[in-house]
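So this block is structure.txt, compact mmCIF, C-alpha atoms:
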# COMPACT_ATOMS: atom_id res chain seq x y z
CA MET G 1 22.19 40.42 22.88
CA ASN G 2 22.72 37.02 24.45
CA MET G 3 21.40 33.70 23.23
CA SER G 4 18.41 33.59 25.62
CA ASP G 5 17.10 36.89 24.24
CA ARG G 6 16.95 35.39 20.75
CA VAL G 7 14.77 32.37 21.63
CA SER G 8 11.24 32.87 20.34
CA LEU G 9 7.88 31.19 20.76
CA GLN G 10 8.31 29.76 17.26
CA ASP G 11 11.62 28.18 18.30
CA ILE G 12 9.87 26.40 21.15
CA ALA G 13 7.06 25.31 18.85
CA ASP G 14 9.50 23.95 16.24
CA SER G 15 11.44 22.08 18.91
CA LEU G 16 8.28 20.32 20.12
CA GLY G 17 6.61 19.95 16.73
CA ILE G 18 3.50 21.90 17.76
CA SER G 19 1.93 25.18 16.70
CA ARG G 20 3.11 28.58 17.89
CA GLY G 21 -0.44 29.26 19.11
CA THR G 22 -0.29 26.25 21.42
CA VAL G 23 3.01 27.49 22.85
CA ASP G 24 1.56 30.97 23.36
CA ARG G 25 -1.49 29.58 25.19
CA ALA G 26 0.67 27.36 27.38
CA ILE G 27 3.06 30.10 28.45
CA HIS G 28 0.54 32.89 28.90
CA GLY G 29 -2.40 30.88 30.26
CA ARG G 30 -4.75 31.73 27.41
CA GLY G 31 -7.59 29.47 26.38
CA ARG G 32 -7.90 25.80 27.21
CA ILE G 33 -4.86 23.57 27.19
CA SER G 34 -4.06 20.31 28.94
CA ARG G 35 -1.81 20.37 31.97
CA GLU G 36 0.49 17.80 30.31
CA THR G 37 0.99 20.00 27.24
CA ARG G 38 1.53 23.10 29.39
CA GLU G 39 4.19 21.39 31.50
CA LYS G 40 5.95 20.11 28.36
CA VAL G 41 6.00 23.60 26.82
CA LEU G 42 7.26 25.27 30.01
CA ALA G 43 9.97 22.66 30.44
CA GLU G 44 11.16 23.18 26.86
CA ALA G 45 11.03 26.97 27.27
CA ARG G 46 13.31 26.74 30.29
CA ARG G 47 15.65 24.29 28.53
CA LEU G 48 16.06 26.65 25.58
CA GLY G 49 16.50 29.66 27.87
CA TYR G 50 13.38 31.48 26.70
CA ILE G 51 12.71 34.78 28.49
CA ASP G 52 9.38 36.55 28.31
CA LYS G 53 9.39 40.15 29.56
CA LYS G 54 6.13 39.61 31.43
CA LEU G 55 6.79 36.06 32.56
CA SER G 56 10.55 36.00 32.88
CA SER G 57 10.17 35.66 36.63
CA PHE G 58 8.60 32.26 36.04
CA LEU G 59 10.56 30.95 33.08
CA SER G 60 14.04 32.40 33.06
CA LEU G 61 15.04 31.03 36.47
CA GLN G 62 15.52 27.31 37.00
CA GLN G 63 14.69 27.43 40.71
CA GLU G 64 11.28 26.01 41.60
CA LEU G 65 9.22 27.77 44.24
CA LYS G 66 7.63 26.08 47.24
CA ILE G 67 4.82 28.01 48.90
CA VAL G 68 2.48 27.07 51.73
CA VAL G 69 -1.17 28.16 51.80
CA LEU G 70 -3.12 28.24 55.08
CA ILE G 71 -6.82 28.65 54.38
CA PRO G 72 -10.05 27.77 56.23
CA GLY G 73 -11.79 24.59 55.12
CA CYS G 74 -15.46 23.56 55.01
CA ASP G 75 -16.66 27.01 53.97
CA PRO G 76 -18.18 27.65 50.51
CA PHE G 77 -16.64 31.13 50.34
CA PHE G 78 -13.11 29.89 50.97
CA GLU G 79 -13.67 27.01 48.57
CA LYS G 80 -14.08 29.70 45.88
CA ILE G 81 -10.83 31.34 47.00
CA GLU G 82 -9.12 27.96 46.75
CA GLU G 83 -10.41 27.59 43.18
CA GLY G 84 -8.66 30.85 42.30
CA ILE G 85 -5.47 29.70 44.02
CA LYS G 86 -5.46 26.44 42.07
CA LYS G 87 -6.09 28.22 38.78
CA ALA G 88 -3.06 30.45 39.32
CA VAL G 89 -0.95 27.47 40.40
CA ASN G 90 -1.99 25.49 37.33
CA GLU G 91 -0.86 28.35 35.08
CA MET G 92 2.58 28.32 36.70
CA MET G 93 3.21 24.59 36.87
CA PRO G 94 5.69 22.99 37.06
CA VAL G 95 7.63 26.00 38.41
CA LEU G 96 5.38 26.44 41.45
CA HIS G 97 4.76 23.78 44.07
CA PRO G 98 2.14 24.69 46.72
CA GLU G 99 1.13 22.91 49.90
CA ILE G 100 -2.46 23.77 50.85
CA ILE G 101 -3.38 23.28 54.51
CA HIS G 102 -6.86 23.83 55.93
CA THR G 103 -7.02 25.55 59.31
CA ALA G 104 -9.77 27.08 61.44
CA LEU G 105 -10.12 30.85 61.74
CA ASP G 106 -10.78 30.59 65.47
CA GLU G 107 -7.59 28.64 66.21
CA PRO G 108 -4.76 31.20 65.98
CA GLU G 109 -2.54 29.07 68.23
CA GLN G 110 -2.64 26.25 65.66
CA GLN G 111 -1.80 28.69 62.88
CA ALA G 112 1.04 30.18 64.93
CA ASP G 113 2.55 26.79 65.82
CA PHE G 114 2.65 25.83 62.17
CA LEU G 115 4.23 29.13 61.11
CA PHE G 116 6.92 28.83 63.79
CA SER G 117 7.73 25.33 62.48
CA VAL G 118 7.97 26.73 58.94
CA ALA G 119 10.32 29.47 60.12
CA ARG G 120 12.52 26.93 61.91
CA GLY G 121 13.24 24.64 59.03
CA LYS G 122 10.77 24.01 56.22
CA ASN G 123 12.19 24.63 52.77
CA VAL G 124 9.59 27.27 51.91
CA SER G 125 9.94 30.42 49.81
CA GLY G 126 6.62 32.09 50.59
CA LEU G 127 3.54 31.72 52.72
CA LEU G 128 -0.06 32.71 52.00
CA ILE G 129 -2.40 32.87 55.00
CA VAL G 130 -5.95 33.85 55.96
CA PRO G 131 -5.02 34.96 59.50
CA SER G 132 -6.76 35.42 62.80
CA GLU G 133 -6.04 38.68 64.59
CA ASP G 134 -3.83 37.47 67.42
CA PRO G 135 -0.53 38.74 68.92
CA GLY G 136 0.95 35.24 68.96
CA LEU G 137 0.15 34.73 65.30
CA CYS G 138 1.68 38.13 64.47
CA ASP G 139 4.87 36.99 66.21
CA ALA G 140 4.85 33.82 64.10
CA ILE G 141 4.40 35.82 60.88
CA ASN G 142 7.29 38.06 61.94
CA SER G 143 9.42 34.97 62.61
CA CYS G 144 8.80 33.76 59.05
CA GLU G 145 9.68 37.15 57.61
CA SER G 146 12.87 37.25 59.70
CA SER G 147 13.77 33.82 58.28
CA GLY G 148 13.47 35.15 54.73
CA ILE G 149 10.03 33.65 54.07
CA ARG G 150 7.77 36.27 52.50
CA VAL G 151 4.24 36.27 53.96
CA ALA G 152 1.12 37.43 52.13
CA THR G 153 -2.17 37.76 54.00
CA LEU G 154 -5.36 37.01 52.11
CA ASN G 155 -8.97 38.18 52.62
CA THR G 156 -8.26 39.44 56.14
CA ASP G 157 -5.12 41.01 57.51
CA ALA G 158 -2.83 40.80 60.52
CA PRO G 159 -2.06 44.53 60.86
CA GLY G 160 0.16 44.04 63.91
CA SER G 161 2.58 41.89 61.91
CA ARG G 162 5.36 42.62 59.45
CA ARG G 163 3.71 40.69 56.61
CA THR G 164 4.84 41.86 53.19
CA VAL G 165 1.54 42.20 51.31
CA PHE G 166 -2.23 41.97 51.90
CA ILE G 167 -4.65 40.92 49.14
CA GLY G 168 -8.31 41.67 49.83
CA GLN G 169 -10.94 44.39 49.91
CA ASP G 170 -10.60 47.74 51.60
CA LEU G 171 -12.52 46.26 54.50
CA TYR G 172 -13.37 49.51 56.23
CA ALA G 173 -14.67 50.95 52.95
CA SER G 174 -16.82 47.88 52.35
CA GLY G 175 -18.43 48.39 55.77
CA ARG G 176 -19.10 52.03 54.93
CA ALA G 177 -20.64 51.00 51.61
CA ALA G 178 -22.98 48.66 53.47
CA GLY G 179 -23.87 51.44 55.91
CA GLU G 180 -24.68 53.91 53.14
CA LEU G 181 -26.89 51.33 51.45
CA MET G 182 -28.68 50.37 54.66
CA LEU G 183 -29.46 54.01 55.46
CA LYS G 184 -31.05 54.43 52.04
CA MET G 185 -33.08 51.22 52.25
CA ASN G 186 -34.05 51.14 55.92
CA CYS G 187 -35.05 53.81 58.44
CA GLY G 188 -35.32 51.68 61.59
CA PRO G 189 -33.06 49.85 64.06
CA VAL G 190 -30.43 47.49 62.63
CA VAL G 191 -28.96 44.35 64.19
CA ILE G 192 -25.27 43.69 63.45
CA LEU G 193 -24.22 40.04 63.19
CA SER G 194 -20.54 39.13 62.86
CA GLY G 195 -18.58 35.90 62.58
CA TYR G 196 -15.67 36.32 65.01
CA GLU G 197 -14.33 38.92 67.37
CA ASN G 198 -10.70 38.17 66.44
CA ILE G 199 -11.01 38.50 62.65
CA TRP G 200 -9.79 41.87 61.46
CA ALA G 201 -11.97 41.79 58.32
CA HIS G 202 -15.11 41.44 60.42
CA SER G 203 -14.20 44.17 62.90
CA GLU G 204 -13.18 46.58 60.13
CA ARG G 205 -16.49 46.14 58.31
CA ILE G 206 -18.35 46.82 61.53
CA ARG G 207 -16.21 49.90 62.20
CA GLY G 208 -16.99 51.31 58.76
CA PHE G 209 -20.70 50.56 59.11
CA LYS G 210 -20.87 52.19 62.54
CA ASP G 211 -18.99 55.28 61.39
CA ILE G 212 -21.58 55.90 58.67
CA TYR G 213 -24.39 55.69 61.23
CA LYS G 214 -22.47 57.93 63.64
CA GLU G 215 -21.88 60.56 60.94
CA ASN G 216 -25.62 60.57 60.22
CA GLY G 217 -26.66 60.80 63.86
CA ARG G 218 -28.10 57.28 63.84
CA LEU G 219 -25.66 55.39 66.05
CA MET G 220 -28.40 54.68 68.62
CA ASP G 221 -30.25 52.66 65.96
CA LEU G 222 -27.59 49.93 65.97
CA ILE G 223 -27.96 46.75 68.03
CA GLY G 224 -24.97 44.50 68.59
CA PRO G 225 -22.68 43.20 67.26
CA PHE G 226 -23.47 39.59 68.06
CA TYR G 227 -21.01 36.83 67.13
CA THR G 228 -22.08 33.63 65.37
CA HIS G 229 -18.65 31.95 65.00
CA ASP G 230 -19.71 31.45 61.39
CA LEU G 231 -22.22 28.75 62.29
CA VAL G 232 -25.52 28.99 60.43
CA GLU G 233 -27.46 27.52 63.35
CA ASN G 234 -25.96 30.03 65.79
CA THR G 235 -27.34 32.90 63.71
CA ALA G 236 -30.92 31.68 64.12
CA MET G 237 -30.41 31.11 67.87
CA ILE G 238 -29.16 34.67 68.34
CA LEU G 239 -31.95 36.26 66.31
CA LYS G 240 -34.63 34.34 68.22
CA LYS G 241 -33.42 36.01 71.43
CA ILE G 242 -33.56 39.57 70.06
CA PRO G 243 -36.89 41.44 70.40
CA ASP G 244 -38.64 41.95 67.05
CA SER G 245 -38.10 45.71 67.12
CA TYR G 246 -35.50 45.87 64.37
CA SER G 247 -36.10 46.32 60.65
CA GLY G 248 -32.58 45.77 59.32
CA LEU G 249 -29.83 43.15 59.52
CA PHE G 250 -26.17 43.73 58.66
CA THR G 251 -24.18 40.50 58.42
CA VAL G 252 -20.42 40.66 57.85
CA SER G 253 -19.55 37.10 56.76
CA GLY G 254 -20.90 34.63 54.22
CA LEU G 255 -22.12 31.89 56.57
CA THR G 256 -23.66 34.44 58.95
CA THR G 257 -25.45 36.00 55.99
CA GLU G 258 -26.73 32.55 55.02
CA GLY G 259 -27.98 31.92 58.55
CA ALA G 260 -29.79 35.25 58.66
CA GLY G 261 -31.32 34.72 55.21
CA ARG G 262 -32.60 31.30 56.21
CA PHE G 263 -34.07 32.77 59.41
CA VAL G 264 -35.92 35.44 57.42
CA HIS G 265 -37.20 32.77 55.04
CA GLU G 266 -38.33 30.33 57.72
CA LYS G 267 -40.07 33.03 59.77
CA ASP G 268 -41.56 34.54 56.58
CA ILE G 269 -40.52 38.03 57.75
CA GLU G 270 -41.60 40.83 55.43
CA GLY G 271 -40.23 44.35 55.15
CA LEU G 272 -36.82 43.53 56.64
CA THR G 273 -33.64 44.81 54.95
CA LEU G 274 -30.76 42.32 55.02
CA VAL G 275 -27.39 43.51 53.71
CA GLY G 276 -24.67 40.89 53.87
CA PHE G 277 -21.50 39.55 52.31
CA ASP G 278 -20.52 36.87 49.82
CA CYS G 279 -22.17 35.51 46.70
CA THR G 280 -22.16 31.84 47.67
CA ASP G 281 -24.71 29.58 45.95
CA GLU G 282 -26.95 29.51 49.04
CA ASN G 283 -26.82 33.27 49.51
CA ILE G 284 -27.61 33.88 45.85
CA SER G 285 -30.70 31.66 46.16
CA LEU G 286 -31.80 33.65 49.21
CA LEU G 287 -31.16 36.89 47.33
CA LYS G 288 -33.26 35.76 44.38
CA SER G 289 -36.12 34.75 46.68
CA GLY G 290 -36.12 38.17 48.35
CA ASN G 291 -34.90 37.05 51.77
CA ILE G 292 -31.62 38.92 51.32
CA SER G 293 -31.79 42.51 50.05
CA CYS G 294 -28.19 42.96 48.87
CA LEU G 295 -24.97 40.94 48.76
CA ILE G 296 -21.53 42.53 48.75
CA SER G 297 -19.19 40.35 46.72
CA GLN G 298 -15.53 39.94 47.58
CA SER G 299 -14.69 38.19 44.28
CA PRO G 300 -13.19 35.18 46.10
CA GLN G 301 -11.77 33.46 43.02
CA LEU G 302 -10.04 36.71 42.03
CA GLN G 303 -8.65 37.05 45.56
CA GLY G 304 -7.10 33.59 45.47
CA TYR G 305 -5.78 34.02 41.95
CA GLN G 306 -4.24 37.43 42.61
CA ALA G 307 -2.75 36.29 45.92
CA VAL G 308 -0.70 33.55 44.26
CA ARG G 309 0.33 35.75 41.33
CA ARG G 310 1.41 38.60 43.62
CA LEU G 311 3.28 36.33 46.01
CA VAL G 312 5.24 34.74 43.17
CA GLU G 313 5.96 38.17 41.67
CA LEU G 314 7.20 39.28 45.07
CA LEU G 315 9.47 36.26 45.43
CA ARG G 316 10.94 36.65 41.96
CA GLN G 317 11.26 40.41 41.63
CA GLY G 318 11.45 41.74 45.19
CA GLU G 319 9.29 43.90 47.41
CA SER G 320 9.52 46.99 45.21
CA SER G 321 7.53 45.17 42.51
CA VAL G 322 4.41 44.67 44.66
CA ALA G 323 2.30 47.22 46.56
CA ALA G 324 1.84 46.62 50.28
CA GLU G 325 -1.92 46.21 49.76
CA ILE G 326 -3.79 44.85 46.73
CA SER G 327 -7.44 45.94 46.77
CA ILE G 328 -10.27 43.77 45.45
CA PRO G 329 -13.40 45.54 44.07
CA ILE G 330 -16.40 46.18 46.32
CA ASP G 331 -19.32 44.96 44.19
CA LEU G 332 -22.97 45.23 45.27
CA TYR G 333 -25.51 42.75 43.90
CA PHE G 334 -29.28 42.69 44.02
CA ARG G 335 -31.89 40.28 42.73
CA GLU G 336 -32.02 42.28 39.49
CA ASN G 337 -28.31 42.02 38.57
CA ILE G 338 -27.07 38.83 40.25
CA ASN G 339 -27.34 36.77 37.07
CA PHE G 340 -24.77 39.04 35.45
CA TYR G 341 -22.36 38.18 38.24
CA ARG G 342 -22.98 34.46 37.84
CA ASN G 343 -22.67 34.51 34.07
CA HIS G 344 -19.86 36.99 33.49
CA LEU G 345 -17.79 37.88 36.54
CA GLU G 346 -16.58 34.53 37.85
CA LEU G 347 -12.86 34.10 37.23
Kindly present the structure from the file in structure tokens form.
Amino acid sequence: MNMSDRVSLQDIADSLGISRGTVDRAIHGRGRISRETREKVLAEARRLGYIDKKLSSFLSLQQELKIVVLIPGCDPFFEKIEEGIKKAVNEMMPVLHPEIIHTALDEPEQQADFLFSVARGKNVSGLLIVPSEDPGLCDAINSCESSGIRVATLNTDAPGSRRTVFIGQDLYASGRAAGELMLKMNCGPVVILSGYENIWAHSERIRGFKDIYKENGRLMDLIGPFYTHDLVENTAMILKKIPDSYSGLFTVSGLTTEGAGRFVHEKDIEGLTLVGFDCTDENISLLKSGNISCLISQSPQLQGYQAVRRLVELLRQGESSVAAEISIPIDLYFRENINFYRNHLEL
């Protein structure tokens, strides 16, 4: 047994003159502890050569990791994902150094240009991206992978690329879940509203939803999809142009769901079933008031948290340590159980 194997939590505590419990919380991210104390404990653990079987990938190696995160800005759903990212980063400081860059989902060329620049020369170990579905962006992801930069996709995937891991829901299954629910709650025509045509998550949810209706001989009851570009005002403009012959709305993104819920509220429409995605504050208010029938949660904080943890695990321990896809639960919330989500299930 070498010297590093013999270093204990108590040794670290004695060296710093603090309690063993404080050292345990700092290293394992348990309970509340200041960032300054955590960084001091981690630095001392590395100096002494401490190795934890679960966290050795973070503590036993002196090399610090630089990762880049490309994530949409100005969207309450992705703000929740960013909270999860920052929580994971805070637990790993000072070993992990992230650069968070806000990009637009409908600008794959901008994403691709940045990735090509990373592949050409940035000192980056790993990259976390919420991608558009675009051949040029897939080429840029492949360029990063070829340069030794491991790429993880988050929330939506780039299936035409050679990315290493995807963290998000089984998107097709979430669309099927929405379809099953809609069939049970609504027997009339349903309008499908999506955010973007070039976002794989949106198209997969629609595919799953449509397949359920096809399997039940109800495909002719579907109207759309119509694309809002995730603008709340666009959702209302689209719905105003559709004849009032539908009794259901399926919305595949958070801001589109918000726009539809607001439209139902402002028009005081009764008897309409609205099944949508994302438990943002605005959508929860619309759910509680009865304007939204059901919200499918993607656990955004958990997504962001798991994405960072899995990417770091991948960088430290290799591809065999991480599955190619990490699935996030498909949780359905109604007015009756949404308070449980708010009070207990946030990360």
Between G:Thr164, G:Pro159, G:Leu231, G:Ser247, smallest distance to Glu204 in chain G by only C-alpha atoms belongs to G:Pro159
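Near Asn291 in chain G, within 8 Å and counting only C-alpha atoms, sit Gly261, Arg262, Val264, His265, Leu274, Leu286, Leu287 and Lys288 of chain G, not including residues fewer than 3 positions from it in the same chain.
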Enumerate, in order of chain and increasing residue number, the residues of range 264-309 of chain G with an atom no farther than 6 Å from range 79-96 of chain G, each with its shortest atom pair and distance in Å to one decimal, counting all atoms listed in the file, as a Markdown table.
| residue | atom | partner | partner_atom | distance |
| --- | --- | --- | --- | --- |
| G:Pro300 | CA | G:Ile81 | CA | 4.6 |
| G:Gln301 | CA | G:Gly84 | CA | 4.1 |
| G:Gly304 | CA | G:Ile85 | CA | 4.5 |
| G:Tyr305 | CA | G:Gly84 | CA | 4.3 |
Selected residue, from G:Asn198, G:Met182, G:His229, G:Leu315, that lies nearest to Ser293 in chain G when counting all atoms listed in the file: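 With all atoms listed in the file as the atom set, the closest residue is G:Met182.
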Go through G:Val190, G:Val124, G:Ala201, G:Val308 and flag the residue nearest Met220 in chain G, using only C-alpha atoms for the distances. G:Val190
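From CA of Arg150 in chain G back to CA of Val312 in chain G, the distance works out to 9.8 Å.
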So which one's closest to Ala260 in chain G, G:Arg207, G:Ala236, G:Ile129, G:Thr273? Using only C-alpha atoms, please.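 That would be G:Ala236, the residue with the smallest distance to Ala260 in chain G.
Coordinates place CA of Ala13 in chain G at a distance of 9.2 Å from CA of Glu44 in chain G.
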Hey, what's within 10 Å of Arg162 in chain G if we count all atoms listed in the file and toss same-chain stuff fewer than 6 positions away? As a ChimeraX atom specification, please? /G:138-146,150-152
What gap, in Å, lies between CA of Leu105 in chain G and CA of Pro131 in chain G?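 Pair CA of Leu105 in chain G / CA of Pro131 in chain G returns 6.9 Å.
Using only C-alpha atoms, the shortest contact distance between Gly188 in chain G and any of G:Ile67, G:Ala112, G:Leu219, G:Ile238 is found at G:Leu219.
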Find the smallest box with edges along x, y and z containing every listed atom of range 101-116 of chain G, then add 3 Å on each side and report centre and edge lengths in Å to one decimal, as AutoDock Vina command-line options.
--center_x -1.9 --center_y 27.2 --center_z 61.4 --size_x 23.7 --size_y 13.9 --size_z 19.7
Need the shell around Lys241 in chain G: protein/DNA/RNA residues with any atom at most 12 Å away, counting all atoms listed in the file. Skip same-chain ones fewer than 5 positions apart. Format as a PyMOL selection string? chain G and resi 191+226+234-236
